[in-house]
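Structure first, then comments.
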Amino acid sequence: MTTDDGKNGNPQNRLPVRLDAEVVENRHEGGGNRRLVVEVAEWPDFRPGQFVMVSPGPRADVERWDPLLPRPMAIYRLRRDGGSTQLEILYKVSGRGTGLLAQAVSGQRVRLVGPLGCPFPAIEAGSGLRRILVGGGTGIASLFDLAARALEVASDPTGVQVLLGARSAEDLLGADDFETLGVTLSFATEDGSRGHRGFVTELLEQCLDADPDSMVYACGPTPMMERCAGISSERGVTCMVSLENHMACGFGVCLGCAAPVGSEGYALVCQEGPVFDAATVRWGEMP
Amino acid sequence: MKPSEVDTRVELGGLSLRNPVLAASGTFGYGQEFLPFFDLGRIGGFVAKSLTLEPRVGNPPPRIAEVSSGMLNAISLENVGVENFLREKLPALPEEVTVIASVFGRAPDEYAEGVRRLSESDRVAAIEVNASCPHVKSGGIEFGQDPTLLTELVRAAREATSLPLLVKLSPNVTDIAGMARICEAGGADAVSLINAVQALDVDVESRRPVLKNVLGGLSGPAIQPIALRMVWQVYQAVRIPICGIGGISTAQDAVKFLLCGATAIQVGTANYLNPMATEEISQGISAYAARQGVARIADLVGALRLEDA
């Protein structure tokens, strides 16, 4: 097992490891969503916003090459309990890769590479800023651990406002976990089956109009994040986004996940991101 | 015989390798990205991302797409440039790592200048010329697709270095053996093949190509039988050693290339899905040789049996 010996190419990253982890649970959660829980030995600490590449099975054992590539997925939560360390991932079945992962049963192994990417900026106590987390669809999974850590340093629960949106109530990923956490929580669904009927970005506008002394963290579909970026910048509020992209490796070598970030050129979502200041993203050029 | 008793050393056109497993250019970054995963001194070495004289920005996204048992990419020439590589990337690697520098250019003199600069470093063990770059004056045809252009390119690179010179061939040709003969005649020490196969995929809902660049290079297990065929054909045609490339993901895949005539192999796309693939393949080849009672991995080269024994 690789250990943290400081040789990582990107000093902002925690050292990634590759390991084959045993599936503890892989259950349906409503909508097309599933919760994967795997037992990981010696998993390094990670920071909110980092992700992991997931393959359904150690490939060399099964010679299953279709689909070929692992899928980038947010680390939802890491639970250490005595000698056991469990990593949780919430994902949506949306194609062949996630379809195959959905078939993994307990006892089977999945291959993980991670933790990867640059996390959200650390949330320090005493800044006085309210933290507003905006999650849409599967993007919600990137925000749970951030919410938990923000709550740890907040003076009271109103300091961490979580706004979650989805098509319908059953698509709201991890809603029960967020409720258990005790953050200030609001929902928006397009069909009105839970919370505000409409888009979660409408809740963000209301929140910021009530109290602009905030910082916004958004993860979800690109149009949602672009809207969050606009709403925030109009009010002089900093907005951090966690971008999604196709990627083959997750650690900066395939160069496939380039996104239009900065004044020119591209940034690698896997290595320079996935978290970016929304003001640096050239939204009009996003594919 | 135990796997640890197998002699894994091979000679690739004057380049001595501790074992025949290299990582392919463009799939291993500048090496440092893999330092967290395993000791790079345990594989034969790696071919760094192709370098141009000046740093370059790559293509607009989407740049990659998954297809059946493979992937398409259109990254283009994105790289840090020769000088940054020499100044920042090479010194970051441990001494025991064997580094092969890959060079890209739009004209033979551009290639030659890159080859010359990289050859001045004592950390560069060999040069691989990437012949899949479009030639600016010939309307985008690849150097490796035209016998005249390839002849010029090999001559220019050969004059620019005394290091072992590998030429990486494009598979997008009618006569791969003829292209390899040109490299041999021009003084190349070895040929590497194959590069990605030119390909296209389409999204039927939007009726658009999946890649912004329209065309991309197909790599991964899907191209392996094509690569084996080409290695086998080149093995019949030239005396210089071959570095086999194309969808190698397991030790078994690697052994197939050795049997078809490759002296060494390069692992490409598999590095993306399994950052420890090269090390595992190295160990797997030794295990295979031990099981087969083969004392030297070099004895497997070209050992394909064509008739009933």
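So you can find residues: chains in the structure tokens are A, B, ... in the order shown, residues in each start at 1, and ligands are numbered from 1 in order.
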- Message: I need the contact residues of chain A against chain B, so if you could list those with any atom within 7 Å, counting only C-alpha atoms, and return them as a ChimeraX atom specification, that would help.
- Response: /A:2,7-9,15-17,60,65-70,248-249,251,253-256,258-259,265,287
- Item | Gly128 in chain A environment, 9 Å, only C-alpha atoms, sequence neighbours closer than 6 positions dropped, as a list in words |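 Residues meeting the cut-off are Ala154, Ser155, Gly159, Asp213 and Ser214 of chain A.
For the pair CA of Val269 in chain A and CA of Ile194 in chain B, the interatomic distance is 29.1 Å.
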- For CA of Asp171 in chain A and CA of Ala147 in chain A, determine how far apart the two atoms are, in Å to one decimal place. 19.3 Å
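Taking range 48-188 of chain B and asking which residues DSSP calls strand (DSSP E or B) on the backbone, you get Leu51, Arg56, Ile64, Ala65, Glu66, Val67, Gly70, Met71, Leu72, Asn73, Asn79, Val99, Ile100, Ala101, Ser102, Val103, Val124, Ala125, Ala126, Ile127, Glu128, Val129, Asn130, Pro134, Glu142, Leu165, Leu166, Val167 and Lys168 of chain B.
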- Once DSSP has gone over the backbone, tell me which residues of range 51-283 of chain A are in alpha helix (DSSP H), as number ranges by chain. A: 59-62, 96-102, 144-153, 175-181, 200-210, 222-234
Take the residues just selected and output them with N, CA and C atoms as a short mmCIF file (atom, residue, chain, number, x, y, z; two decimals), in the first residue's frame.
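Once written, out-v3.cif looks like this:
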```cif
data_model
loop_
_atom_site.label_atom_id
_atom_site.label_comp_id
_atom_site.auth_asym_id
_atom_site.auth_seq_id
_atom_site.Cartn_x
_atom_site.Cartn_y
_atom_site.Cartn_z
N ARG A 59 -9.98 -5.07 -13.28
CA ARG A 59 -10.14 -5.50 -14.65
C ARG A 59 -9.32 -6.71 -15.06
N ALA A 60 -8.06 -6.77 -14.59
CA ALA A 60 -7.20 -7.84 -15.06
C ALA A 60 -7.76 -9.21 -14.67
N ASP A 61 -8.53 -9.27 -13.61
CA ASP A 61 -9.10 -10.54 -13.17
C ASP A 61 -10.19 -11.03 -14.12
N VAL A 62 -10.96 -10.13 -14.63
CA VAL A 62 -12.15 -10.53 -15.38
C VAL A 62 -12.05 -10.27 -16.87
N ARG A 96 -23.84 2.76 -19.44
CA ARG A 96 -23.33 1.39 -19.30
C ARG A 96 -22.40 1.23 -18.11
N GLY A 97 -21.57 2.24 -17.85
CA GLY A 97 -20.62 2.14 -16.74
C GLY A 97 -21.32 2.06 -15.40
N THR A 98 -22.22 3.01 -15.17
CA THR A 98 -22.94 3.00 -13.89
C THR A 98 -23.92 1.83 -13.85
N GLY A 99 -24.41 1.39 -15.01
CA GLY A 99 -25.30 0.22 -15.07
C GLY A 99 -24.58 -1.03 -14.59
N LEU A 100 -23.32 -1.17 -15.00
CA LEU A 100 -22.52 -2.31 -14.58
C LEU A 100 -22.20 -2.22 -13.09
N LEU A 101 -21.89 -1.01 -12.64
CA LEU A 101 -21.59 -0.82 -11.22
C LEU A 101 -22.81 -1.19 -10.37
N ALA A 102 -24.00 -0.88 -10.89
CA ALA A 102 -25.23 -1.17 -10.14
C ALA A 102 -25.41 -2.67 -9.90
N PHE A 144 -22.15 16.80 0.70
CA PHE A 144 -22.53 16.32 2.03
C PHE A 144 -21.41 16.51 3.05
N ASP A 145 -20.21 16.08 2.67
CA ASP A 145 -19.11 16.18 3.62
C ASP A 145 -18.72 17.64 3.87
N LEU A 146 -18.88 18.47 2.85
CA LEU A 146 -18.62 19.91 3.01
C LEU A 146 -19.61 20.49 4.03
N ALA A 147 -20.87 20.09 3.92
CA ALA A 147 -21.90 20.57 4.87
C ALA A 147 -21.54 20.14 6.29
N ALA A 148 -21.12 18.87 6.42
CA ALA A 148 -20.78 18.36 7.76
C ALA A 148 -19.62 19.15 8.36
N ARG A 149 -18.61 19.41 7.54
CA ARG A 149 -17.44 20.12 8.07
C ARG A 149 -17.73 21.61 8.30
N ALA A 150 -18.59 22.19 7.46
CA ALA A 150 -18.96 23.59 7.67
C ALA A 150 -19.72 23.74 8.98
N LEU A 151 -20.56 22.76 9.26
CA LEU A 151 -21.37 22.81 10.49
C LEU A 151 -20.49 22.71 11.73
N GLU A 152 -19.40 21.93 11.62
CA GLU A 152 -18.48 21.78 12.75
C GLU A 152 -17.90 23.13 13.19
N VAL A 153 -17.64 24.02 12.23
CA VAL A 153 -17.01 25.29 12.58
C VAL A 153 -18.00 26.44 12.68
N ALA A 175 -31.27 13.13 1.04
CA ALA A 175 -32.03 14.14 1.79
C ALA A 175 -32.10 13.81 3.28
N ASP A 176 -32.28 12.51 3.59
CA ASP A 176 -32.40 12.11 5.00
C ASP A 176 -31.09 12.38 5.76
N ASP A 177 -29.97 12.14 5.08
CA ASP A 177 -28.67 12.37 5.73
C ASP A 177 -28.48 13.84 6.08
N PHE A 178 -28.87 14.70 5.14
CA PHE A 178 -28.74 16.14 5.40
C PHE A 178 -29.65 16.56 6.55
N GLU A 179 -30.83 15.94 6.64
CA GLU A 179 -31.74 16.27 7.75
C GLU A 179 -31.13 15.84 9.07
N THR A 180 -30.55 14.66 9.10
CA THR A 180 -29.91 14.16 10.32
C THR A 180 -28.76 15.06 10.76
N LEU A 181 -28.07 15.61 9.75
CA LEU A 181 -26.92 16.46 10.02
C LEU A 181 -27.29 17.70 10.84
N VAL A 200 -33.80 25.18 -7.86
CA VAL A 200 -33.10 25.44 -6.61
C VAL A 200 -32.39 26.80 -6.67
N THR A 201 -32.10 27.25 -7.90
CA THR A 201 -31.43 28.55 -8.03
C THR A 201 -32.35 29.70 -7.58
N GLU A 202 -33.68 29.46 -7.65
CA GLU A 202 -34.62 30.49 -7.17
C GLU A 202 -34.51 30.63 -5.65
N LEU A 203 -34.26 29.49 -4.98
CA LEU A 203 -34.04 29.55 -3.53
C LEU A 203 -32.76 30.32 -3.21
N LEU A 204 -31.75 30.13 -4.05
CA LEU A 204 -30.48 30.83 -3.81
C LEU A 204 -30.68 32.34 -3.90
N GLU A 205 -31.45 32.77 -4.90
CA GLU A 205 -31.72 34.22 -5.04
C GLU A 205 -32.38 34.78 -3.77
N GLN A 206 -33.39 34.05 -3.27
CA GLN A 206 -34.08 34.50 -2.06
C GLN A 206 -33.10 34.59 -0.88
N CYS A 207 -32.27 33.56 -0.75
CA CYS A 207 -31.31 33.50 0.35
C CYS A 207 -30.34 34.68 0.32
N LEU A 208 -29.79 34.93 -0.87
CA LEU A 208 -28.78 35.98 -0.99
C LEU A 208 -29.41 37.36 -0.85
N ASP A 209 -30.66 37.50 -1.31
CA ASP A 209 -31.32 38.79 -1.15
C ASP A 209 -31.58 39.08 0.32
N ALA A 210 -31.86 38.01 1.09
CA ALA A 210 -32.11 38.19 2.53
C ALA A 210 -30.81 38.51 3.27
N THR A 222 -24.51 21.72 -15.39
CA THR A 222 -23.82 22.94 -15.80
C THR A 222 -24.74 24.18 -15.84
N PRO A 223 -25.95 24.09 -16.41
CA PRO A 223 -26.80 25.30 -16.42
C PRO A 223 -27.13 25.79 -15.00
N MET A 224 -27.29 24.86 -14.07
CA MET A 224 -27.57 25.25 -12.68
C MET A 224 -26.38 25.99 -12.08
N MET A 225 -25.18 25.46 -12.32
CA MET A 225 -23.99 26.11 -11.75
C MET A 225 -23.73 27.46 -12.40
N GLU A 226 -24.00 27.53 -13.71
CA GLU A 226 -23.82 28.82 -14.40
C GLU A 226 -24.77 29.87 -13.81
N ARG A 227 -26.00 29.43 -13.52
CA ARG A 227 -26.98 30.34 -12.92
C ARG A 227 -26.54 30.76 -11.51
N CYS A 228 -26.04 29.81 -10.74
CA CYS A 228 -25.53 30.13 -9.39
C CYS A 228 -24.40 31.16 -9.49
N ALA A 229 -23.54 30.96 -10.49
CA ALA A 229 -22.42 31.89 -10.68
C ALA A 229 -22.94 33.29 -10.97
N GLY A 230 -23.96 33.38 -11.83
CA GLY A 230 -24.53 34.67 -12.20
C GLY A 230 -25.20 35.35 -11.01
N ILE A 231 -26.03 34.60 -10.32
CA ILE A 231 -26.76 35.15 -9.15
C ILE A 231 -25.77 35.66 -8.11
N SER A 232 -24.70 34.90 -7.89
CA SER A 232 -23.71 35.28 -6.87
C SER A 232 -22.95 36.53 -7.30
N SER A 233 -22.46 36.53 -8.54
CA SER A 233 -21.61 37.65 -8.96
C SER A 233 -22.41 38.96 -9.01
N GLU A 234 -23.71 38.88 -9.38
CA GLU A 234 -24.56 40.08 -9.37
C GLU A 234 -24.63 40.71 -7.98
#
```
- Message: Nearest residue to Cys219 in chain A out of A:Gly195, A:Gly107, A:Pro72, A:Gly49, using only C-alpha atoms?
- Response: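 Among the listed residues, the smallest separation from Cys219 in chain A belongs to A:Gly49.
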- Message: What's around range 109-116 of chain B at 9 Å? Count only C-alpha atoms, leave out sequence neighbours fewer than 6 positions away in its own chain, and write the answer as a ChimeraX atom specification.
- Response: /B:51-53,82,101-103,127-129,153,156-161
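Proximity of A:Gly220, A:Pro121, A:Gly174, A:Gly192 to Val134 in chain A, computed with only C-alpha atoms, is greatest for A:Gly220.
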- Could you pull the residues within 10 Å of Arg155 in chain B, counting only C-alpha atoms, minus those fewer than 6 positions along the same chain, as a PyMOL selection string? chain B and resi 108+112+149+182-183+185-188
Write the residues of the selection above to a file with C-alpha atoms, as a compact mmCIF listing (two decimals), in the first residue's frame.
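To be explicit, this is the file written out as out18.txt:
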```
# COMPACT_ATOMS: atom_id res chain seq x y z
CA PRO B 108 11.74 18.15 -40.04
CA ALA B 112 15.58 17.96 -35.29
CA LEU B 149 8.11 12.88 -45.53
CA ILE B 182 12.21 3.50 -44.44
CA CYS B 183 13.01 3.98 -40.74
CA ALA B 185 17.24 2.62 -43.95
CA GLY B 186 17.30 6.09 -42.42
CA GLY B 187 19.27 4.89 -39.41
CA ALA B 188 16.55 4.44 -36.78
```
- Work out how far CA of Gly144 in chain B is from CA of Leu86 in chain B, in Å to one decimal. 26.3 Å
- Task: List the neighbours of Arg9 in chain B out to 8 Å using only C-alpha atoms; skip same-chain residues closer than 5 positions along the sequence, and give me the result as a PyMOL selection string.
- Result: chain B and resi 16-20+296-298
- Message: When you count only C-alpha atoms, which of these residues is closest to Leu193 in chain B: B:Pro164, B:Gly178, B:Pro209, B:Gly244?
- Response: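 When distances to Leu193 in chain B are compared using only C-alpha atoms, the smallest one comes from B:Gly244.
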- List the neighbours of Asp189 in chain B out to 8 Å using only C-alpha atoms; skip same-chain residues closer than 2 positions along the sequence, and give me the result as a ChimeraX atom specification. /B:12-14,164-166,184,187,191,240-241
Hey, can you spit out that residue selection with N, CA and C atoms as an mmCIF file, in the first residue's frame?
```
data_model
loop_
_atom_site.group_PDB
_atom_site.id
_atom_site.type_symbol
_atom_site.label_atom_id
_atom_site.label_comp_id
_atom_site.auth_asym_id
_atom_site.auth_seq_id
_atom_site.Cartn_x
_atom_site.Cartn_y
_atom_site.Cartn_z
ATOM 1 N N LEU B 12 16.981 -2.789 -26.672
ATOM 2 C CA LEU B 12 16.108 -2.202 -27.684
ATOM 3 C C LEU B 12 16.925 -1.171 -28.480
ATOM 4 N N GLY B 13 17.593 -1.649 -29.523
ATOM 5 C CA GLY B 13 18.357 -0.739 -30.376
ATOM 6 C C GLY B 13 19.383 0.081 -29.617
ATOM 7 N N GLY B 14 20.176 -0.570 -28.767
ATOM 8 C CA GLY B 14 21.203 0.135 -28.020
ATOM 9 C C GLY B 14 20.726 0.652 -26.672
ATOM 10 N N PRO B 164 19.961 6.285 -28.699
ATOM 11 C CA PRO B 164 19.092 5.345 -29.413
ATOM 12 C C PRO B 164 17.854 6.090 -29.940
ATOM 13 N N LEU B 165 17.538 5.865 -31.227
ATOM 14 C CA LEU B 165 16.443 6.591 -31.879
ATOM 15 C C LEU B 165 15.328 5.625 -32.258
ATOM 16 N N LEU B 166 14.151 5.854 -31.663
ATOM 17 C CA LEU B 166 12.968 5.068 -31.995
ATOM 18 C C LEU B 166 12.047 5.933 -32.842
ATOM 19 N N GLU B 184 14.368 2.005 -40.922
ATOM 20 C CA GLU B 184 15.610 1.222 -40.822
ATOM 21 C C GLU B 184 16.687 1.803 -41.753
ATOM 22 N N GLY B 187 18.392 4.953 -40.574
ATOM 23 C CA GLY B 187 19.271 4.892 -39.409
ATOM 24 C C GLY B 187 18.563 4.829 -38.064
ATOM 25 N N VAL B 191 11.729 0.638 -34.135
ATOM 26 C CA VAL B 191 10.435 1.249 -34.469
ATOM 27 C C VAL B 191 9.432 0.903 -33.373
ATOM 28 N N ILE B 240 15.863 -4.239 -37.404
ATOM 29 C CA ILE B 240 15.915 -3.449 -36.167
ATOM 30 C C ILE B 240 14.784 -3.903 -35.227
ATOM 31 N N PRO B 241 15.005 -3.756 -33.907
ATOM 32 C CA PRO B 241 13.987 -4.218 -32.960
ATOM 33 C C PRO B 241 12.698 -3.388 -33.009
#
```
- Query: Nearest to Ala237 in chain B among B:Lys137, B:Arg181, B:Arg208, B:Arg291, with distances taken over only C-alpha atoms: which residue is it?
  - Reply: B:Arg181
